[in-house]
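*Asks:* Structure: final39.txt, compact mmCIF, C-alpha atoms and all ligand atoms.
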```
# COMPACT_ATOMS: atom_id res chain seq x y z
CA MET A 1299 349.77 129.14 132.44
CA SER A 1300 346.37 127.87 133.60
CA LEU A 1301 344.07 126.59 130.91
CA VAL A 1302 340.85 127.95 132.39
CA ILE A 1303 340.34 130.49 135.16
CA CYS A 1304 336.86 131.46 136.36
CA LYS A 1305 336.58 134.03 139.14
CA GLY A 1306 333.25 134.82 140.77
CA LEU A 1307 331.56 133.71 137.55
CA SER A 1308 327.80 134.26 137.60
CA LYS A 1309 325.15 134.06 134.91
CA SER A 1310 321.48 134.93 135.10
CA TYR A 1311 318.79 134.52 132.48
CA GLY A 1312 316.26 137.15 133.52
CA ASP A 1313 315.59 136.39 137.18
CA LYS A 1314 316.88 132.80 136.86
CA GLN A 1315 320.41 132.57 138.25
CA ALA A 1316 322.03 129.65 136.42
CA LEU A 1317 325.60 130.08 137.80
CA LYS A 1318 326.52 131.65 141.13
CA GLN A 1319 329.99 132.88 141.99
CA VAL A 1320 331.90 129.96 140.45
CA ASP A 1321 335.67 129.90 141.02
CA ILE A 1322 337.62 127.34 139.00
CA THR A 1323 341.24 126.99 137.95
CA LEU A 1324 342.03 124.17 135.55
CA ASN A 1325 345.37 123.07 134.19
CA ALA A 1326 346.17 121.18 131.01
CA GLY A 1327 346.39 117.41 131.28
CA SER A 1328 344.05 114.49 131.81
CA PRO A 1329 340.33 114.81 131.00
CA ILE A 1330 338.25 116.84 133.46
CA ALA A 1331 334.66 115.89 134.23
CA LEU A 1332 331.81 118.30 134.80
CA VAL A 1333 328.87 116.68 136.55
CA GLY A 1334 325.68 117.78 138.20
CA PRO A 1335 321.94 117.22 138.10
CA ASN A 1336 319.74 118.53 135.29
CA GLY A 1337 319.65 122.30 135.38
CA ALA A 1338 322.82 122.58 137.52
CA GLY A 1339 324.42 125.00 135.06
CA LYS A 1340 326.82 122.73 133.10
CA THR A 1341 325.74 123.87 129.64
CA THR A 1342 325.73 127.47 130.82
CA LEU A 1343 329.34 127.08 132.00
CA PHE A 1344 330.33 125.52 128.66
CA SER A 1345 328.58 128.32 126.77
CA LEU A 1346 330.46 130.93 128.83
CA LEU A 1347 333.79 129.19 128.20
CA CYS A 1348 333.07 129.13 124.47
CA GLY A 1349 332.05 132.78 124.44
CA TYR A 1350 328.54 131.96 123.14
CA ILE A 1351 327.11 133.98 126.04
CA SER A 1352 328.58 136.60 128.37
CA PRO A 1353 328.72 136.44 132.16
CA THR A 1354 326.39 138.59 134.23
CA SER A 1355 329.34 139.17 136.58
CA GLY A 1356 332.77 137.74 137.26
CA ASP A 1357 335.61 136.83 134.93
CA VAL A 1358 336.56 133.92 132.74
CA SER A 1359 339.75 133.39 130.76
CA LEU A 1360 341.17 130.60 128.63
CA PHE A 1361 344.93 130.55 128.10
CA GLY A 1362 344.82 134.08 129.52
CA HIS A 1363 342.35 135.33 126.87
CA LYS A 1364 338.67 136.24 127.00
CA PRO A 1365 336.38 133.55 125.51
CA GLY A 1366 335.59 134.20 121.87
CA SER A 1367 338.73 136.28 121.27
CA ALA A 1368 340.64 135.85 118.02
CA ALA A 1369 343.71 134.58 119.91
CA LEU A 1370 341.74 131.42 120.78
CA LEU A 1371 340.81 130.53 117.19
CA GLY A 1372 341.86 126.93 116.60
CA ARG A 1373 342.98 126.47 120.22
CA ILE A 1374 339.63 125.54 121.70
CA ALA A 1375 336.65 123.67 120.28
CA SER A 1376 333.39 122.36 121.59
CA LEU A 1377 330.75 119.76 120.95
CA PRO A 1378 327.47 121.35 122.07
CA GLN A 1379 324.83 119.06 123.57
CA ASP A 1380 322.46 119.63 120.65
CA ALA A 1381 325.07 119.76 117.86
CA ALA A 1382 323.37 119.15 114.52
CA LEU A 1383 324.83 118.34 111.13
CA ASP A 1384 323.64 120.04 107.94
CA PRO A 1385 321.25 117.51 106.37
CA ASN A 1386 321.99 118.76 102.83
CA LEU A 1387 325.76 118.36 102.75
CA ASP A 1388 327.80 115.18 102.78
CA ILE A 1389 330.08 114.67 105.75
CA ILE A 1390 333.39 115.42 104.04
CA SER A 1391 332.03 118.72 102.63
CA GLN A 1392 330.80 119.84 106.06
CA LEU A 1393 334.04 119.04 107.83
CA SER A 1394 336.13 120.55 105.02
CA PHE A 1395 334.05 123.72 105.23
CA PHE A 1396 334.74 124.03 108.98
CA ALA A 1397 338.44 123.48 108.34
CA THR A 1398 338.49 126.32 105.78
CA LEU A 1399 336.93 128.56 108.46
CA GLN A 1400 340.06 127.85 110.52
CA GLY A 1401 342.24 129.03 107.65
CA TYR A 1402 343.00 125.76 105.84
CA SER A 1403 343.25 125.92 102.01
CA ASN A 1404 340.62 123.82 100.20
CA LYS A 1405 343.06 120.96 99.64
CA ALA A 1406 344.44 121.01 103.18
CA ALA A 1407 340.89 121.29 104.55
CA LYS A 1408 339.88 118.06 102.83
CA ALA A 1409 342.97 116.30 104.16
CA GLU A 1410 342.20 117.58 107.68
CA ALA A 1411 338.57 116.45 107.35
CA LEU A 1412 339.74 112.96 106.40
CA ARG A 1413 342.24 112.95 109.27
CA VAL A 1414 339.58 113.71 111.88
CA LEU A 1415 337.16 111.24 110.30
CA GLY A 1416 339.94 108.67 110.64
CA LEU A 1417 340.18 109.46 114.36
CA VAL A 1418 336.51 108.55 114.81
CA ASP A 1419 336.78 105.59 112.45
CA LEU A 1420 334.36 107.00 109.87
CA VAL A 1421 336.43 107.57 106.73
CA ASP A 1422 334.14 105.14 104.88
CA SER A 1423 331.17 107.42 105.59
CA ALA A 1424 332.85 110.56 104.19
CA LYS A 1425 330.56 110.78 101.16
CA GLN A 1426 327.35 110.07 103.05
CA LYS A 1427 324.78 112.61 104.12
CA PRO A 1428 323.80 112.82 107.80
CA LYS A 1429 320.49 111.01 107.30
CA ALA A 1430 322.40 107.85 106.33
CA LEU A 1431 324.20 107.83 109.69
CA SER A 1432 323.07 106.24 112.94
CA HIS A 1433 322.80 108.46 116.03
CA GLY A 1434 326.15 107.14 117.27
CA MET A 1435 327.87 107.77 113.93
CA ALA A 1436 326.46 111.30 113.76
CA LYS A 1437 327.77 112.00 117.26
CA ARG A 1438 331.21 110.74 116.22
CA VAL A 1439 331.14 113.07 113.19
CA SER A 1440 330.34 116.00 115.51
CA ILE A 1441 333.27 115.00 117.70
CA ALA A 1442 335.46 114.82 114.59
CA GLN A 1443 334.36 118.37 113.82
CA ALA A 1444 335.50 119.49 117.28
CA LEU A 1445 338.92 117.93 116.63
CA ILE A 1446 339.65 119.88 113.43
CA GLY A 1447 342.95 121.70 113.79
CA SER A 1448 344.02 119.68 116.86
CA PRO A 1449 342.76 122.18 119.47
CA GLU A 1450 344.44 122.23 122.87
CA LEU A 1451 341.14 122.34 124.76
CA VAL A 1452 337.97 120.50 123.73
CA LEU A 1453 334.65 120.81 125.58
CA LEU A 1454 332.35 117.84 125.11
CA ASP A 1455 328.79 118.31 126.38
CA GLU A 1456 327.33 114.83 127.00
CA PRO A 1457 329.32 113.16 124.18
CA THR A 1458 328.02 109.67 124.92
CA ALA A 1459 324.39 110.48 125.81
CA GLY A 1460 322.06 108.08 124.02
CA LEU A 1461 324.89 106.02 122.52
CA ASP A 1462 325.08 102.24 122.65
CA PRO A 1463 327.93 100.81 124.77
CA ALA A 1464 330.16 100.06 121.75
CA ASN A 1465 329.92 103.62 120.39
CA ALA A 1466 330.37 105.09 123.87
CA LYS A 1467 333.50 102.97 124.33
CA LYS A 1468 334.91 104.20 121.00
CA ILE A 1469 334.49 107.78 122.16
CA ARG A 1470 336.13 107.07 125.52
CA GLU A 1471 339.07 105.40 123.78
CA LEU A 1472 339.44 108.34 121.42
CA VAL A 1473 339.44 110.82 124.30
CA LYS A 1474 342.05 108.72 126.12
CA SER A 1475 344.28 108.43 123.07
CA LEU A 1476 344.23 112.19 122.36
CA SER A 1477 344.62 113.27 125.96
CA GLY A 1478 348.38 113.81 125.74
CA ASN A 1479 348.00 116.83 123.47
CA THR A 1480 344.44 117.91 124.11
CA THR A 1481 342.71 118.59 127.40
CA PHE A 1482 339.06 117.52 127.38
CA ILE A 1483 336.35 118.87 129.67
CA ILE A 1484 333.49 116.41 129.54
CA SER A 1485 329.99 116.89 130.85
CA SER A 1486 328.14 113.64 131.47
CA HIS A 1487 325.64 111.99 133.81
CA ASN A 1488 327.51 108.68 133.59
CA LEU A 1489 329.70 108.56 136.72
CA ASP A 1490 331.15 105.13 135.86
CA GLU A 1491 332.34 106.48 132.55
CA LEU A 1492 333.85 109.61 134.08
CA GLU A 1493 335.57 107.57 136.76
CA LYS A 1494 337.35 105.58 134.04
CA LEU A 1495 338.31 108.61 132.02
CA CYS A 1496 338.93 111.63 134.21
CA ASP A 1497 341.41 112.60 136.91
CA GLN A 1498 339.47 115.59 138.14
CA VAL A 1499 335.74 115.95 138.66
CA LEU A 1500 333.88 119.23 139.12
CA TYR A 1501 330.44 118.90 140.67
CA LEU A 1502 327.92 121.69 140.06
CA GLU A 1503 324.62 121.93 141.88
CA HIS A 1504 322.08 124.77 141.69
CA GLY A 1505 324.67 126.81 139.79
CA GLN A 1506 327.34 126.46 142.49
CA LEU A 1507 330.57 124.49 142.48
CA ARG A 1508 330.00 122.03 145.33
CA HIS A 1509 333.04 119.78 144.94
CA SER A 1510 336.25 119.53 143.00
CA VAL A 1511 337.45 115.96 143.42
CA SER A 1512 340.75 114.50 142.29
CA MET A 1513 340.42 110.83 141.36
CA ASN A 1514 344.09 110.26 142.21
CA GLU A 1515 343.41 111.11 145.83
CA SER A 1516 341.85 107.68 146.24
CA GLN A 1517 345.26 106.07 146.71
CA HIS A 1518 345.84 108.18 149.82
CA GLU A 1519 342.47 107.59 151.38
CA ASP A 1520 341.80 105.20 154.20
CA TYR A 1521 339.06 103.39 152.31
CA LEU A 1522 338.56 100.25 150.30
CA THR A 1523 335.41 99.54 148.29
CA LEU A 1524 334.62 95.85 148.16
CA THR A 1525 332.08 94.57 145.65
CA MET A 1526 330.93 90.98 146.12
CA GLN A 1527 329.38 88.63 143.54
CA HIS A 1528 326.85 87.69 146.20
CA CYS A 1529 327.13 87.37 149.95
CA ASP A 1530 325.50 87.25 153.35
CA PRO A 1531 326.05 90.92 154.28
CA GLN A 1532 325.90 90.39 158.04
CA ALA A 1533 328.40 87.51 157.98
CA LEU A 1534 330.76 89.52 155.78
CA ILE A 1535 330.51 92.63 157.98
CA GLU A 1536 331.24 90.62 161.15
CA ALA A 1537 334.20 88.82 159.59
CA VAL A 1538 335.75 92.01 158.19
CA LEU A 1539 335.35 93.83 161.52
CA ASN A 1540 337.42 91.05 163.12
CA LEU A 1541 340.41 91.87 160.89
CA ALA A 1542 343.12 94.12 162.31
CA ASP A 1543 343.00 97.89 161.73
CA ILE A 1544 339.43 98.03 160.40
CA SER A 1545 337.53 101.10 161.66
CA SER A 1546 334.17 100.43 160.00
CA ILE A 1547 332.38 98.61 157.22
CA GLU A 1548 329.03 99.56 155.75
CA GLU A 1549 326.95 98.08 152.96
CA ARG A 1550 326.38 101.14 150.76
CA GLN A 1551 324.54 99.38 147.93
CA SER A 1552 323.52 95.80 147.36
CA ASN A 1553 326.73 93.73 147.55
CA GLN A 1554 328.94 96.85 147.74
CA PHE A 1555 330.76 97.62 151.00
CA LEU A 1556 332.73 100.67 152.06
CA ILE A 1557 335.54 99.69 154.41
CA LYS A 1558 337.37 102.31 156.44
CA HIS A 1559 340.71 101.31 157.91
CA ASN A 1560 343.39 102.95 160.00
CA SER A 1561 346.45 101.18 158.70
CA GLU A 1562 349.43 102.91 157.11
CA GLN A 1563 349.95 99.73 155.13
CA VAL A 1564 346.99 99.40 152.83
CA TYR A 1565 348.55 96.28 151.26
CA ALA A 1566 348.34 94.50 154.60
CA ILE A 1567 344.61 95.21 154.73
CA GLU A 1568 344.12 94.09 151.14
CA ILE A 1569 346.00 90.84 151.78
CA ALA A 1570 344.05 90.16 154.99
CA LEU A 1571 340.81 90.80 153.11
CA LEU A 1572 341.77 88.50 150.23
CA ASN A 1573 342.81 85.77 152.68
CA LEU A 1574 339.46 86.10 154.46
CA LEU A 1575 337.55 85.79 151.18
CA LYS A 1576 339.65 82.75 150.23
CA ASP A 1577 339.19 81.05 153.62
CA LYS A 1578 335.44 81.57 153.54
CA ASN A 1579 335.21 80.77 149.82
CA TRP A 1580 333.35 84.06 149.26
CA GLN A 1581 333.44 85.32 145.67
CA TYR A 1582 334.27 88.98 145.19
CA LYS A 1583 333.84 91.06 142.03
CA ALA A 1584 336.20 93.96 142.72
CA ILE A 1585 338.30 95.66 145.34
CA LEU A 1586 338.83 99.34 144.70
CA LYS A 1587 341.38 101.43 146.57
CA GLY A 1588 339.49 104.41 147.94
CA ARG A 1589 335.86 105.31 147.31
CA THR A 1590 333.79 105.34 144.13
CA LEU A 1591 333.12 108.70 142.53
CA GLU A 1592 329.47 108.38 143.58
CA GLU A 1593 330.57 108.00 147.23
CA LYS A 1594 332.93 110.95 146.98
CA LEU A 1595 330.25 113.22 145.54
CA PHE A 1596 327.17 112.14 147.44
CA SER A 1597 328.18 110.81 150.85
N1 LIG B 1 318.40 130.53 127.60
C1 LIG B 1 317.90 130.35 128.82
N2 LIG B 1 316.89 131.12 129.28
C2 LIG B 1 316.38 130.95 130.52
N3 LIG B 1 316.81 130.02 131.40
C3 LIG B 1 317.79 129.21 130.98
C4 LIG B 1 318.39 129.32 129.69
N4 LIG B 1 319.37 128.38 129.58
C5 LIG B 1 319.37 127.71 130.75
N5 LIG B 1 318.43 128.20 131.59
C6 LIG B 1 318.18 127.76 132.97
O1 LIG B 1 319.41 127.83 133.68
C7 LIG B 1 319.59 126.69 134.51
C8 LIG B 1 320.86 125.95 134.12
O2 LIG B 1 320.66 125.37 132.84
P1 LIG B 1 321.79 124.52 132.10
O3 LIG B 1 321.25 124.15 130.74
O4 LIG B 1 323.07 125.28 132.12
O5 LIG B 1 321.90 123.24 133.03
P2 LIG B 1 322.59 121.82 132.76
O6 LIG B 1 323.35 121.48 133.99
O7 LIG B 1 323.34 121.85 131.47
O8 LIG B 1 321.33 120.86 132.63
P3 LIG B 1 321.16 119.45 131.82
O9 LIG B 1 321.94 118.41 132.59
O10 LIG B 1 319.68 119.22 131.89
O11 LIG B 1 321.66 119.67 130.42
C9 LIG B 1 318.32 125.86 134.35
O12 LIG B 1 317.44 126.19 135.40
C10 LIG B 1 317.75 126.31 133.02
O13 LIG B 1 316.35 126.19 133.00
```
Mind turning this structure into structure tokens?
*Replies:*
Amino acid sequence: MSLVICKGLSKSYGDKQALKQVDITLNAGSPIALVGPNGAGKTTLFSLLCGYISPTSGDVSLFGHKPGSAALLGRIASLPQDAALDPNLDIISQLSFFATLQGYSNKAAKAEALRVLGLVDLVDSAKQKPKALSHGMAKRVSIAQALIGSPELVLLDEPTAGLDPANAKKIRELVKSLSGNTTFIISSHNLDELEKLCDQVLYLEHGQLRHSVSMNESQHEDYLTLTMQHCDPQALIEAVLNLADISSIEERQSNQFLIKHNSEQVYAIEIALLNLLKDKNWQYKAILKGRTLEEKLFS
């Protein structure tokens, strides 16, 4: 059964149409990214999936049930963008309270609270109040809250926004490690991060679903993305065009080149490219099969 099905999903706030006729079918598995510019409708889509708001028209179902229905209790959870912790309660009390709302006994709720704090590496902060936590720690506590009861679907709205690289990495690693049993839908503006984490990317713009991109497709594309340490772009372009089976090469950003080829044997192209770089003593930073997520979404 599909995890999420949206059919003709639209949402208006007064005369502002935030989502327009969105059709999405998502299956359980690797993390799914939701991207789009500010105001594209990402939070509105999350709020509809969680049942916080109702659609103006169209249908949405999760595991075959309407959002907010009792059958979904404990199966889905979300970290809203502006999630706030209660300043008056210590962390373990807050998380235990949320576990009791899911039906845990007091004792089991405390054990579950400690388990999820362990997942975000914050057991030592269990007795602290939110004001003693850094922004990154507070975000990790909110993520822990979303993981209570091991839900099958977790929606994370900008989970790493404003976090330092070390905290952001911890969150990425956690998402990766839990992805076998839980499907995450992650909204973020950080394309590099999503590229590392997600297999499928949904791109919303002006309330419409513009693209649904599978990251795995890259292996079947006729592209290589070459990033150089530094180089003479014109010399590189001329030399690459002289290799066999190259259709085009363009510098898309400083030191980053998109190479299109027409060979069935991508390894042959990669080897020819590496030999060229070795012969010329040109230092490269990375060769990526296919195109970057940014290229897929915006070119
Ligand atoms: N409660 C509301 N009342 C009126 N308009 C709203 C409301 N919530 C959102 N909007 C509008 O709907 C559109 C979509 O907003 P939404 O918050 O879903 O976008 P977003 O993609 O999450 O943006 P961001 O990346 O800035 O978080 C925006 O134009 C926003 O101003």
*Asks:* Given all atoms listed in the file as the basis, pick out the residue of A:Gln1551, A:Asn1325, A:Gln1379, A:Gln1400 nearest to ligand LIG 1 (chain B).
*Replies:*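 Ranked by minimum distance to ligand LIG 1 (chain B), first place goes to A:Gln1379.
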*Asks:* Please write out the residues within 12 Å of ligand LIG 1 (chain B) as a PDB file with C-alpha atoms, in the coordinates of the input, counting only C-alpha atoms and all ligand atoms.
*Replies:*
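Saved to result.pdb:
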```pdb
ATOM      1  CA  SER A1308     327.800 134.260 137.600  1.00  0.00           C
ATOM      2  CA  LYS A1309     325.150 134.060 134.910  1.00  0.00           C
ATOM      3  CA  SER A1310     321.480 134.930 135.100  1.00  0.00           C
ATOM      4  CA  TYR A1311     318.790 134.520 132.480  1.00  0.00           C
ATOM      5  CA  GLY A1312     316.260 137.150 133.520  1.00  0.00           C
ATOM      6  CA  ASP A1313     315.590 136.390 137.180  1.00  0.00           C
ATOM      7  CA  LYS A1314     316.880 132.800 136.860  1.00  0.00           C
ATOM      8  CA  GLN A1315     320.410 132.570 138.250  1.00  0.00           C
ATOM      9  CA  ALA A1316     322.030 129.650 136.420  1.00  0.00           C
ATOM     10  CA  LEU A1317     325.600 130.080 137.800  1.00  0.00           C
ATOM     11  CA  LYS A1318     326.520 131.650 141.130  1.00  0.00           C
ATOM     12  CA  LEU A1332     331.810 118.300 134.800  1.00  0.00           C
ATOM     13  CA  VAL A1333     328.870 116.680 136.550  1.00  0.00           C
ATOM     14  CA  GLY A1334     325.680 117.780 138.200  1.00  0.00           C
ATOM     15  CA  PRO A1335     321.940 117.220 138.100  1.00  0.00           C
ATOM     16  CA  ASN A1336     319.740 118.530 135.290  1.00  0.00           C
ATOM     17  CA  GLY A1337     319.650 122.300 135.380  1.00  0.00           C
ATOM     18  CA  ALA A1338     322.820 122.580 137.520  1.00  0.00           C
ATOM     19  CA  GLY A1339     324.420 125.000 135.060  1.00  0.00           C
ATOM     20  CA  LYS A1340     326.820 122.730 133.100  1.00  0.00           C
ATOM     21  CA  THR A1341     325.740 123.870 129.640  1.00  0.00           C
ATOM     22  CA  THR A1342     325.730 127.470 130.820  1.00  0.00           C
ATOM     23  CA  LEU A1343     329.340 127.080 132.000  1.00  0.00           C
ATOM     24  CA  PHE A1344     330.330 125.520 128.660  1.00  0.00           C
ATOM     25  CA  SER A1345     328.580 128.320 126.770  1.00  0.00           C
ATOM     26  CA  LEU A1346     330.460 130.930 128.830  1.00  0.00           C
ATOM     27  CA  TYR A1350     328.540 131.960 123.140  1.00  0.00           C
ATOM     28  CA  ILE A1351     327.110 133.980 126.040  1.00  0.00           C
ATOM     29  CA  SER A1352     328.580 136.600 128.370  1.00  0.00           C
ATOM     30  CA  PRO A1378     327.470 121.350 122.070  1.00  0.00           C
ATOM     31  CA  GLN A1379     324.830 119.060 123.570  1.00  0.00           C
ATOM     32  CA  ASP A1380     322.460 119.630 120.650  1.00  0.00           C
ATOM     33  CA  LEU A1454     332.350 117.840 125.110  1.00  0.00           C
ATOM     34  CA  ASP A1455     328.790 118.310 126.380  1.00  0.00           C
ATOM     35  CA  GLU A1456     327.330 114.830 127.000  1.00  0.00           C
ATOM     36  CA  PRO A1457     329.320 113.160 124.180  1.00  0.00           C
ATOM     37  CA  ALA A1459     324.390 110.480 125.810  1.00  0.00           C
ATOM     38  CA  ILE A1484     333.490 116.410 129.540  1.00  0.00           C
ATOM     39  CA  SER A1485     329.990 116.890 130.850  1.00  0.00           C
ATOM     40  CA  SER A1486     328.140 113.640 131.470  1.00  0.00           C
ATOM     41  CA  HIS A1487     325.640 111.990 133.810  1.00  0.00           C
ATOM     42  CA  ASN A1488     327.510 108.680 133.590  1.00  0.00           C
ATOM     43  CA  LEU A1500     333.880 119.230 139.120  1.00  0.00           C
ATOM     44  CA  TYR A1501     330.440 118.900 140.670  1.00  0.00           C
ATOM     45  CA  LEU A1502     327.920 121.690 140.060  1.00  0.00           C
ATOM     46  CA  GLU A1503     324.620 121.930 141.880  1.00  0.00           C
ATOM     47  CA  HIS A1504     322.080 124.770 141.690  1.00  0.00           C
ATOM     48  CA  GLY A1505     324.670 126.810 139.790  1.00  0.00           C
ATOM     49  CA  GLN A1506     327.340 126.460 142.490  1.00  0.00           C
ATOM     50  CA  LEU A1507     330.570 124.490 142.480  1.00  0.00           C
TER      51      LEU A1507
END
```
*Asks:* Could you state the separation of atom CA of A:Leu1420 and atom CA of A:Leu1399 in Å, given to one decimal place?
*Replies:*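 According to the coordinates, atom CA of A:Leu1420 and atom CA of A:Leu1399 are separated by 21.8 Å.
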*Asks:* Could you check how far atom CA of A:Val1499 sits from atom CA of A:Ala1331, in Å to one decimal?
*Replies:*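 Computing the Euclidean distance for atom CA of A:Val1499 and atom CA of A:Ala1331 yields 4.6 Å.
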*Asks:* Tell me which protein, DNA and RNA residues are within 10 Å of stretch 1414-1416 of chain A, counting all atoms listed in the file, leaving out same-chain ones fewer than 2 positions away, and put them as a PDB file with C-alpha atoms, in the coordinates of the input.
*Replies:*
```pdb
ATOM      1  CA  ILE A1389     330.080 114.670 105.750  1.00  0.00           C
ATOM      2  CA  ILE A1390     333.390 115.420 104.040  1.00  0.00           C
ATOM      3  CA  LEU A1393     334.040 119.040 107.830  1.00  0.00           C
ATOM      4  CA  ALA A1409     342.970 116.300 104.160  1.00  0.00           C
ATOM      5  CA  GLU A1410     342.200 117.580 107.680  1.00  0.00           C
ATOM      6  CA  ALA A1411     338.570 116.450 107.350  1.00  0.00           C
ATOM      7  CA  LEU A1412     339.740 112.960 106.400  1.00  0.00           C
ATOM      8  CA  VAL A1418     336.510 108.550 114.810  1.00  0.00           C
ATOM      9  CA  ASP A1419     336.780 105.590 112.450  1.00  0.00           C
ATOM     10  CA  LEU A1420     334.360 107.000 109.870  1.00  0.00           C
ATOM     11  CA  VAL A1421     336.430 107.570 106.730  1.00  0.00           C
ATOM     12  CA  ASP A1422     334.140 105.140 104.880  1.00  0.00           C
ATOM     13  CA  SER A1423     331.170 107.420 105.590  1.00  0.00           C
ATOM     14  CA  ALA A1424     332.850 110.560 104.190  1.00  0.00           C
ATOM     15  CA  ARG A1438     331.210 110.740 116.220  1.00  0.00           C
ATOM     16  CA  VAL A1439     331.140 113.070 113.190  1.00  0.00           C
ATOM     17  CA  SER A1440     330.340 116.000 115.510  1.00  0.00           C
ATOM     18  CA  ILE A1441     333.270 115.000 117.700  1.00  0.00           C
ATOM     19  CA  ALA A1442     335.460 114.820 114.590  1.00  0.00           C
ATOM     20  CA  GLN A1443     334.360 118.370 113.820  1.00  0.00           C
ATOM     21  CA  ALA A1444     335.500 119.490 117.280  1.00  0.00           C
ATOM     22  CA  LEU A1445     338.920 117.930 116.630  1.00  0.00           C
ATOM     23  CA  ILE A1446     339.650 119.880 113.430  1.00  0.00           C
ATOM     24  CA  GLY A1447     342.950 121.700 113.790  1.00  0.00           C
ATOM     25  CA  SER A1448     344.020 119.680 116.860  1.00  0.00           C
TER      26      SER A1448
END
```
*Asks:* Which one of A:Leu1417, A:Leu1541, A:Glu1548, A:Asp1577 sits closest to A:Leu1472 if you count all atoms listed in the file?
*Replies:* A:Leu1417
